[in-house]
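Have a look at coords-v2.cif below; it lists mmCIF, C-alpha atoms.
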data_entry
loop_
_atom_site.label_atom_id
_atom_site.label_comp_id
_atom_site.auth_asym_id
_atom_site.auth_seq_id
_atom_site.Cartn_x
_atom_site.Cartn_y
_atom_site.Cartn_z
CA MET A 1 -81.16 -12.24 53.53
CA ASN A 2 -82.66 -8.75 53.71
CA LYS A 3 -85.86 -10.06 55.32
CA LEU A 4 -83.80 -11.81 57.96
CA PHE A 5 -82.14 -8.54 58.98
CA ARG A 6 -85.10 -6.16 58.64
CA ALA A 7 -86.74 -7.27 61.84
CA LYS A 8 -89.32 -4.65 62.89
CA GLY A 9 -88.09 -2.18 60.28
CA LEU A 10 -84.48 -2.16 61.49
CA ASN A 11 -81.79 -2.76 58.91
CA CYS A 12 -78.79 -4.34 60.62
CA LEU A 13 -76.17 -3.38 58.05
CA PHE A 14 -73.33 -4.11 60.47
CA LEU A 15 -74.59 -7.65 61.13
CA LYS A 16 -75.10 -8.31 57.40
CA THR A 17 -71.59 -7.07 56.68
CA LEU A 18 -70.12 -9.19 59.47
CA ILE A 19 -71.82 -12.36 58.20
CA TRP A 20 -70.88 -11.53 54.58
CA ASN A 21 -67.21 -11.12 55.57
CA MET A 22 -67.17 -14.37 57.54
CA ASN A 23 -68.65 -16.24 54.57
CA THR A 24 -66.33 -14.48 52.15
CA ASN A 25 -63.22 -15.34 54.18
CA LYS A 26 -64.38 -18.95 54.54
CA ASN A 27 -65.09 -19.23 50.81
CA GLN A 28 -61.79 -17.54 50.00
CA LEU A 29 -59.93 -20.03 52.19
CA ILE A 30 -61.71 -22.96 50.56
CA THR A 31 -61.16 -21.62 47.05
CA VAL A 32 -57.48 -20.77 47.50
CA SER A 33 -56.76 -23.96 49.47
CA THR A 34 -58.36 -26.06 46.73
CA MET A 35 -56.35 -24.28 44.05
CA VAL A 36 -53.13 -24.74 46.04
CA ALA A 37 -53.93 -28.44 46.59
CA ILE A 38 -54.51 -28.93 42.86
CA ALA A 39 -51.22 -27.18 42.13
CA ALA A 40 -49.47 -29.44 44.66
CA ALA A 41 -51.03 -32.49 43.01
CA THR A 42 -49.38 -31.55 39.70
CA ARG A 43 -46.10 -32.62 41.29
CA PHE A 44 -47.23 -36.21 40.66
CA LEU A 45 -47.69 -35.67 36.93
CA PRO A 46 -44.81 -36.27 34.53
CA HIS A 47 -42.98 -32.98 33.94
CA PRO A 48 -39.65 -31.68 32.71
CA PRO A 49 -37.04 -31.17 35.47
CA ASN A 50 -37.86 -28.10 37.58
CA PHE A 51 -41.07 -27.30 35.65
CA THR A 52 -43.27 -27.49 38.72
CA ALA A 53 -46.01 -25.54 40.44
CA ILE A 54 -44.27 -25.09 43.80
CA GLY A 55 -43.01 -21.54 43.18
CA GLY A 56 -46.32 -20.37 41.76
CA MET A 57 -48.19 -22.18 44.51
CA ALA A 58 -46.22 -20.43 47.28
CA LEU A 59 -46.48 -17.02 45.62
CA PHE A 60 -50.21 -17.36 44.90
CA GLY A 61 -51.25 -18.80 48.25
CA ALA A 62 -49.43 -16.14 50.25
CA ALA A 63 -50.54 -13.28 48.00
CA THR A 64 -54.25 -14.12 48.00
CA LEU A 65 -55.24 -15.31 51.46
CA ASN A 66 -56.28 -12.48 53.78
CA ASN A 67 -55.01 -14.13 56.96
CA LYS A 68 -51.20 -13.89 56.93
CA LYS A 69 -50.71 -17.02 59.05
CA LEU A 70 -52.93 -19.05 56.72
CA ALA A 71 -51.27 -17.41 53.73
CA LEU A 72 -48.02 -19.06 54.79
CA MET A 73 -49.50 -22.23 56.28
CA VAL A 74 -51.72 -23.37 53.40
CA PRO A 75 -48.97 -23.60 50.74
CA VAL A 76 -46.50 -25.16 53.20
CA MET A 77 -49.05 -27.77 54.30
CA ALA A 78 -49.81 -28.61 50.66
CA MET A 79 -46.09 -29.08 50.10
CA VAL A 80 -45.71 -31.25 53.22
CA ILE A 81 -48.64 -33.46 52.25
CA SER A 82 -47.40 -33.93 48.69
CA ASP A 83 -43.87 -34.65 49.98
CA LEU A 84 -45.26 -37.58 51.96
CA PHE A 85 -45.72 -39.35 48.62
CA ILE A 86 -42.59 -38.20 46.81
CA PRO A 87 -39.35 -40.14 47.26
CA ASN A 88 -36.59 -37.94 48.72
CA GLY A 89 -39.07 -35.21 49.61
CA PHE A 90 -38.62 -32.87 52.57
CA ASP A 91 -35.51 -31.14 51.30
CA PHE A 92 -34.63 -28.35 53.73
CA ALA A 93 -33.37 -26.03 50.96
CA VAL A 94 -36.58 -26.46 48.96
CA TYR A 95 -38.64 -25.56 52.03
CA ALA A 96 -36.41 -22.56 52.77
CA ALA A 97 -36.88 -21.34 49.18
CA PHE A 98 -40.60 -22.10 49.36
CA ILE A 99 -41.02 -20.03 52.54
CA ALA A 100 -38.96 -17.18 51.05
CA ILE A 101 -41.21 -17.23 47.97
CA ALA A 102 -44.29 -17.20 50.21
CA ALA A 103 -42.85 -14.15 52.00
CA LEU A 104 -42.51 -12.54 48.58
CA GLY A 105 -46.19 -13.37 48.02
CA LEU A 106 -47.04 -11.46 51.19
CA TYR A 107 -45.10 -8.51 49.79
CA ILE A 108 -46.99 -8.45 46.46
CA ARG A 109 -50.41 -9.18 47.96
CA ASN A 110 -51.69 -5.59 47.74
CA LYS A 111 -50.19 -4.85 44.36
CA LYS A 112 -52.62 -4.91 41.42
CA GLY A 113 -52.10 -6.02 37.86
CA VAL A 114 -50.05 -8.46 35.85
CA LEU A 115 -46.64 -6.88 36.45
CA PRO A 116 -46.37 -7.86 40.15
CA VAL A 117 -47.23 -11.47 39.25
CA ILE A 118 -44.60 -11.59 36.50
CA ALA A 119 -41.98 -9.84 38.64
CA GLY A 120 -42.88 -12.08 41.59
CA SER A 121 -42.61 -15.21 39.44
CA LEU A 122 -39.21 -14.23 38.08
CA THR A 123 -37.98 -13.33 41.56
CA ALA A 124 -39.33 -16.65 42.86
CA SER A 125 -37.27 -18.47 40.23
CA VAL A 126 -34.12 -16.63 41.30
CA ILE A 127 -34.85 -17.31 44.99
CA PHE A 128 -35.27 -21.02 44.33
CA PHE A 129 -32.16 -21.17 42.13
CA VAL A 130 -29.92 -19.40 44.64
CA ILE A 131 -31.13 -21.17 47.79
CA SER A 132 -31.34 -24.69 46.37
CA ASN A 133 -28.00 -24.53 44.57
CA PHE A 134 -26.24 -22.90 47.50
CA ALA A 135 -27.48 -25.82 49.61
CA VAL A 136 -26.13 -28.29 47.04
CA TRP A 137 -22.75 -26.54 47.14
CA VAL A 138 -22.66 -26.61 50.95
CA SER A 139 -23.78 -30.23 51.29
CA GLN A 140 -22.09 -32.00 48.36
CA ALA A 141 -18.44 -33.02 48.44
CA MET A 142 -18.15 -32.73 44.65
CA TYR A 143 -17.76 -28.93 44.83
CA ALA A 144 -14.77 -27.14 46.36
CA LYS A 145 -15.78 -24.98 49.30
CA ASN A 146 -14.60 -21.73 47.76
CA ALA A 147 -15.90 -19.13 45.28
CA ILE A 148 -14.86 -21.25 42.29
CA GLY A 149 -16.70 -24.28 43.67
CA LEU A 150 -19.81 -22.17 44.26
CA MET A 151 -19.69 -20.76 40.73
CA THR A 152 -19.14 -24.27 39.34
CA CYS A 153 -22.20 -25.49 41.25
CA PHE A 154 -24.32 -22.59 40.02
CA GLY A 155 -23.01 -23.12 36.48
CA ALA A 156 -24.02 -26.79 36.58
CA ALA A 157 -27.55 -25.74 37.52
CA ILE A 158 -28.02 -23.21 34.70
CA PRO A 159 -29.51 -25.78 32.27
CA PHE A 160 -32.39 -26.32 34.75
CA PHE A 161 -33.05 -22.61 35.33
CA PRO A 162 -35.13 -21.97 32.16
CA ASN A 163 -37.56 -24.71 33.25
CA THR A 164 -37.81 -23.12 36.70
CA ILE A 165 -38.62 -19.76 35.13
CA ALA A 166 -41.12 -21.30 32.71
CA GLY A 167 -42.82 -23.32 35.47
CA ASP A 168 -43.06 -20.37 37.85
CA LEU A 169 -44.41 -18.05 35.15
CA PHE A 170 -46.87 -20.65 33.85
CA PHE A 171 -48.27 -21.77 37.20
CA SER A 172 -48.29 -18.29 38.77
CA SER A 173 -50.14 -16.91 35.75
CA LEU A 174 -52.56 -19.83 35.74
CA LEU A 175 -53.32 -19.58 39.46
CA PHE A 176 -53.67 -15.78 39.61
CA ALA A 177 -55.70 -15.60 36.37
CA SER A 178 -58.01 -18.45 37.45
CA TYR A 179 -58.57 -16.80 40.81
CA ALA A 180 -59.35 -13.45 39.16
CA MET A 181 -61.84 -15.20 36.86
CA ILE A 182 -63.48 -16.96 39.81
CA LYS A 183 -63.82 -13.64 41.65
CA LYS A 184 -65.13 -11.82 38.57
CA THR A 185 -67.74 -14.43 37.68
CA ASN A 186 -68.73 -15.06 41.29
CA LEU A 187 -68.34 -18.80 40.87
CA VAL A 188 -67.40 -18.71 44.53
CA ILE A 189 -67.74 -15.70 46.79
CA VAL A 190 -64.22 -14.46 47.43
CA LYS A 191 -63.00 -11.12 48.62
#
Structure re-expressed in structure tokens:
Amino acid sequence: MNKLFRAKGLNCLFLKTLIWNMNTNKNQLITVSTMVAIAAATRFLPHPPNFTAIGGMALFGAATLNNKKLALMVPVMAMVISDLFIPNGFDFAVYAAFIAIAALGLYIRNKKGVLPVIAGSLTASVIFFVISNFAVWVSQAMYAKNAIGLMTCFGAAIPFFPNTIAGDLFFSSLLFASYAMIKKTNLVIVK
């Protein structure tokens, strides 16, 4: 590459940097999109209730992609595509929680270390729990439309919450750690 840019003794550092950044962003998009797609595909594998990759997928995709629009779009598109093949997919509350978790990913994107991933994962679990169960309370006739009905609905969901936490922690850790390893070993050029 150096020979290409040393025409007549001139070193075009700016041009090299520009091309490097374009390739890096393209490779980053491909790498992160592939990882998000694989995470989305795990929805088709047998799993305990609520032990899924969707929280980790939203958090990871939004936290790692440089372009904020793509950071939100890539995880949502992976979710939409996987929902095409899942009976009773396209639940509004799940998408609302998913987008809120992706927004959280945007918030933690510049934070370094393990702690933001763990805190983000735990917060993602709470976001999903609150939004999805609030939607169940609002939409289902089985719960009284008062504070007691809401608490009853939330109480009925508590047995599923540990799996949500475990799934979010597991998949967030797996995605962020795998990405860090890919960056460190230069398996793919990512920024």
Would you work out the distance separating CA of Gly55 (chain A) from CA of Phe92 (chain A), expressed in Å to one decimal?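 CA of Gly55 (chain A) sits 15.1 Å away from CA of Phe92 (chain A).
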My list of candidates is A:Pro48, A:Gly105, A:Gly56, A:Pro87. Which is closest to Phe160 (chain A) when distances are computed with only C-alpha atoms? A:Pro48
Evaluated on this file, the PyMOL selection byres ((chain A and resi 128-137) around 8) picks out some residues - which ones are they, written as a PDB file with C-alpha atoms, in the coordinates of the input?
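Output below, filename result_35.pdb:
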ATOM      1  CA  GLY A  55     -43.010 -21.540  43.180  1.00  0.00           C
ATOM      2  CA  ALA A  93     -33.370 -26.030  50.960  1.00  0.00           C
ATOM      3  CA  VAL A  94     -36.580 -26.460  48.960  1.00  0.00           C
ATOM      4  CA  ALA A  96     -36.410 -22.560  52.770  1.00  0.00           C
ATOM      5  CA  ALA A  97     -36.880 -21.340  49.180  1.00  0.00           C
ATOM      6  CA  PHE A  98     -40.600 -22.100  49.360  1.00  0.00           C
ATOM      7  CA  ILE A 101     -41.210 -17.230  47.970  1.00  0.00           C
ATOM      8  CA  ALA A 124     -39.330 -16.650  42.860  1.00  0.00           C
ATOM      9  CA  SER A 125     -37.270 -18.470  40.230  1.00  0.00           C
ATOM     10  CA  VAL A 126     -34.120 -16.630  41.300  1.00  0.00           C
ATOM     11  CA  ILE A 127     -34.850 -17.310  44.990  1.00  0.00           C
ATOM     12  CA  VAL A 138     -22.660 -26.610  50.950  1.00  0.00           C
ATOM     13  CA  SER A 139     -23.780 -30.230  51.290  1.00  0.00           C
ATOM     14  CA  GLN A 140     -22.090 -32.000  48.360  1.00  0.00           C
ATOM     15  CA  ALA A 141     -18.440 -33.020  48.440  1.00  0.00           C
ATOM     16  CA  TYR A 143     -17.760 -28.930  44.830  1.00  0.00           C
ATOM     17  CA  LYS A 145     -15.780 -24.980  49.300  1.00  0.00           C
ATOM     18  CA  GLY A 149     -16.700 -24.280  43.670  1.00  0.00           C
ATOM     19  CA  LEU A 150     -19.810 -22.170  44.260  1.00  0.00           C
ATOM     20  CA  CYS A 153     -22.200 -25.490  41.250  1.00  0.00           C
ATOM     21  CA  PHE A 154     -24.320 -22.590  40.020  1.00  0.00           C
ATOM     22  CA  ALA A 157     -27.550 -25.740  37.520  1.00  0.00           C
ATOM     23  CA  PHE A 161     -33.050 -22.610  35.330  1.00  0.00           C
TER      24      PHE A 161
END
How far is it from CA of Ala180 (chain A) to CA of Val114 (chain A), in Å with one decimal?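 Separation of CA of Ala180 (chain A) and CA of Val114 (chain A): 11.1 Å.
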Quote the spacing between CA of Asn66 (chain A) and CA of Ser82 (chain A) in Å to one decimal place.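 Atom-to-atom, CA of Asn66 (chain A) to CA of Ser82 (chain A), that is 23.8 Å.
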Take the PyMOL selection byres ((chain A and resi 58) around 10), apply it to the structure above, and return the hits as a VMD selection string. chain A and resid 36 39 to 40 53 to 57 59 to 63 71 to 76 78 to 79 97 to 106 124 168 172
Since we have the selection now, will you write its residues out, keeping C-alpha atoms, as a CSV table (one decimal), keeping the file's coordinate frame?
chain,number,residue,atom,x,y,z
A,36,VAL,CA,-53.1,-24.7,46.0
A,39,ALA,CA,-51.2,-27.2,42.1
A,40,ALA,CA,-49.5,-29.4,44.7
A,53,ALA,CA,-46.0,-25.5,40.4
A,54,ILE,CA,-44.3,-25.1,43.8
A,55,GLY,CA,-43.0,-21.5,43.2
A,56,GLY,CA,-46.3,-20.4,41.8
A,57,MET,CA,-48.2,-22.2,44.5
A,59,LEU,CA,-46.5,-17.0,45.6
A,60,PHE,CA,-50.2,-17.4,44.9
A,61,GLY,CA,-51.2,-18.8,48.2
A,62,ALA,CA,-49.4,-16.1,50.2
A,63,ALA,CA,-50.5,-13.3,48.0
A,71,ALA,CA,-51.3,-17.4,53.7
A,72,LEU,CA,-48.0,-19.1,54.8
A,73,MET,CA,-49.5,-22.2,56.3
A,74,VAL,CA,-51.7,-23.4,53.4
A,75,PRO,CA,-49.0,-23.6,50.7
A,76,VAL,CA,-46.5,-25.2,53.2
A,78,ALA,CA,-49.8,-28.6,50.7
A,79,MET,CA,-46.1,-29.1,50.1
A,97,ALA,CA,-36.9,-21.3,49.2
A,98,PHE,CA,-40.6,-22.1,49.4
A,99,ILE,CA,-41.0,-20.0,52.5
A,100,ALA,CA,-39.0,-17.2,51.0
A,101,ILE,CA,-41.2,-17.2,48.0
A,102,ALA,CA,-44.3,-17.2,50.2
A,103,ALA,CA,-42.8,-14.2,52.0
A,104,LEU,CA,-42.5,-12.5,48.6
A,105,GLY,CA,-46.2,-13.4,48.0
A,106,LEU,CA,-47.0,-11.5,51.2
A,124,ALA,CA,-39.3,-16.6,42.9
A,168,ASP,CA,-43.1,-20.4,37.8
A,172,SER,CA,-48.3,-18.3,38.8
Identify which of the residues A:Ala156, A:Ile81, A:Asn67, A:Ile182 lies closest to Arg43 (chain A), counting all atoms listed in the file when measuring atom-to-atom distances.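 Once distances to Arg43 (chain A) are computed over all atoms listed in the file, the minimum belongs to A:Ile81.
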Run the PyMOL selection byres ((chain A and resi 167) around 8) against the file shown and list the residues it catches, as a ChimeraX atom specification. /A:50-53,55-56,163-166,168-171
Could region 61-85 of chain A be written out with N, CA and C atoms, as a compact mmCIF listing (two decimals), in the first residue's frame, please?
# COMPACT_ATOMS: atom_id res chain seq x y z
N GLY A 61 -25.02 -4.59 19.24
CA GLY A 61 -25.07 -3.95 17.92
C GLY A 61 -25.02 -2.44 18.02
N ALA A 62 -25.80 -1.89 18.94
CA ALA A 62 -25.84 -0.43 19.09
C ALA A 62 -24.56 0.12 19.71
N ALA A 63 -23.93 -0.65 20.58
CA ALA A 63 -22.73 -0.16 21.26
C ALA A 63 -21.49 -0.22 20.38
N THR A 64 -21.48 -1.07 19.37
CA THR A 64 -20.24 -1.28 18.62
C THR A 64 -20.19 -0.64 17.24
N LEU A 65 -21.31 -0.45 16.60
CA LEU A 65 -21.27 0.16 15.27
C LEU A 65 -21.05 1.66 15.37
N ASN A 66 -20.13 2.18 14.57
CA ASN A 66 -19.81 3.61 14.62
C ASN A 66 -20.96 4.49 14.16
N ASN A 67 -21.64 4.09 13.11
CA ASN A 67 -22.75 4.86 12.56
C ASN A 67 -23.99 4.64 13.42
N LYS A 68 -24.51 5.71 14.04
CA LYS A 68 -25.63 5.56 14.98
C LYS A 68 -26.90 5.03 14.31
N LYS A 69 -27.14 5.43 13.07
CA LYS A 69 -28.33 4.92 12.37
C LYS A 69 -28.21 3.41 12.16
N LEU A 70 -27.03 2.98 11.69
CA LEU A 70 -26.82 1.55 11.49
C LEU A 70 -26.79 0.81 12.81
N ALA A 71 -26.30 1.47 13.85
CA ALA A 71 -26.24 0.85 15.17
C ALA A 71 -27.64 0.46 15.66
N LEU A 72 -28.64 1.23 15.28
CA LEU A 72 -30.02 0.90 15.63
C LEU A 72 -30.67 0.00 14.59
N MET A 73 -30.35 0.24 13.32
CA MET A 73 -30.98 -0.49 12.23
C MET A 73 -30.57 -1.96 12.15
N VAL A 74 -29.29 -2.25 12.31
CA VAL A 74 -28.81 -3.63 12.13
C VAL A 74 -29.48 -4.59 13.12
N PRO A 75 -29.48 -4.31 14.43
CA PRO A 75 -30.17 -5.25 15.33
C PRO A 75 -31.67 -5.34 15.06
N VAL A 76 -32.32 -4.22 14.74
CA VAL A 76 -33.77 -4.26 14.49
C VAL A 76 -34.06 -5.08 13.23
N MET A 77 -33.26 -4.91 12.19
CA MET A 77 -33.47 -5.69 10.97
C MET A 77 -33.24 -7.18 11.22
N ALA A 78 -32.25 -7.52 12.03
CA ALA A 78 -32.03 -8.93 12.37
C ALA A 78 -33.24 -9.49 13.10
N MET A 79 -33.81 -8.70 13.97
CA MET A 79 -35.01 -9.12 14.71
C MET A 79 -36.20 -9.29 13.76
N VAL A 80 -36.38 -8.33 12.86
CA VAL A 80 -37.49 -8.40 11.90
C VAL A 80 -37.36 -9.65 11.04
N ILE A 81 -36.17 -9.89 10.52
CA ILE A 81 -35.97 -11.05 9.64
C ILE A 81 -36.22 -12.35 10.40
N SER A 82 -35.72 -12.45 11.63
CA SER A 82 -35.95 -13.69 12.39
C SER A 82 -37.43 -13.83 12.76
N ASP A 83 -38.12 -12.70 13.00
CA ASP A 83 -39.55 -12.78 13.33
C ASP A 83 -40.40 -13.26 12.16
N LEU A 84 -39.90 -13.13 10.95
CA LEU A 84 -40.63 -13.64 9.79
C LEU A 84 -40.85 -15.15 9.89
N PHE A 85 -39.97 -15.83 10.63
CA PHE A 85 -40.01 -17.29 10.71
C PHE A 85 -40.46 -17.80 12.07
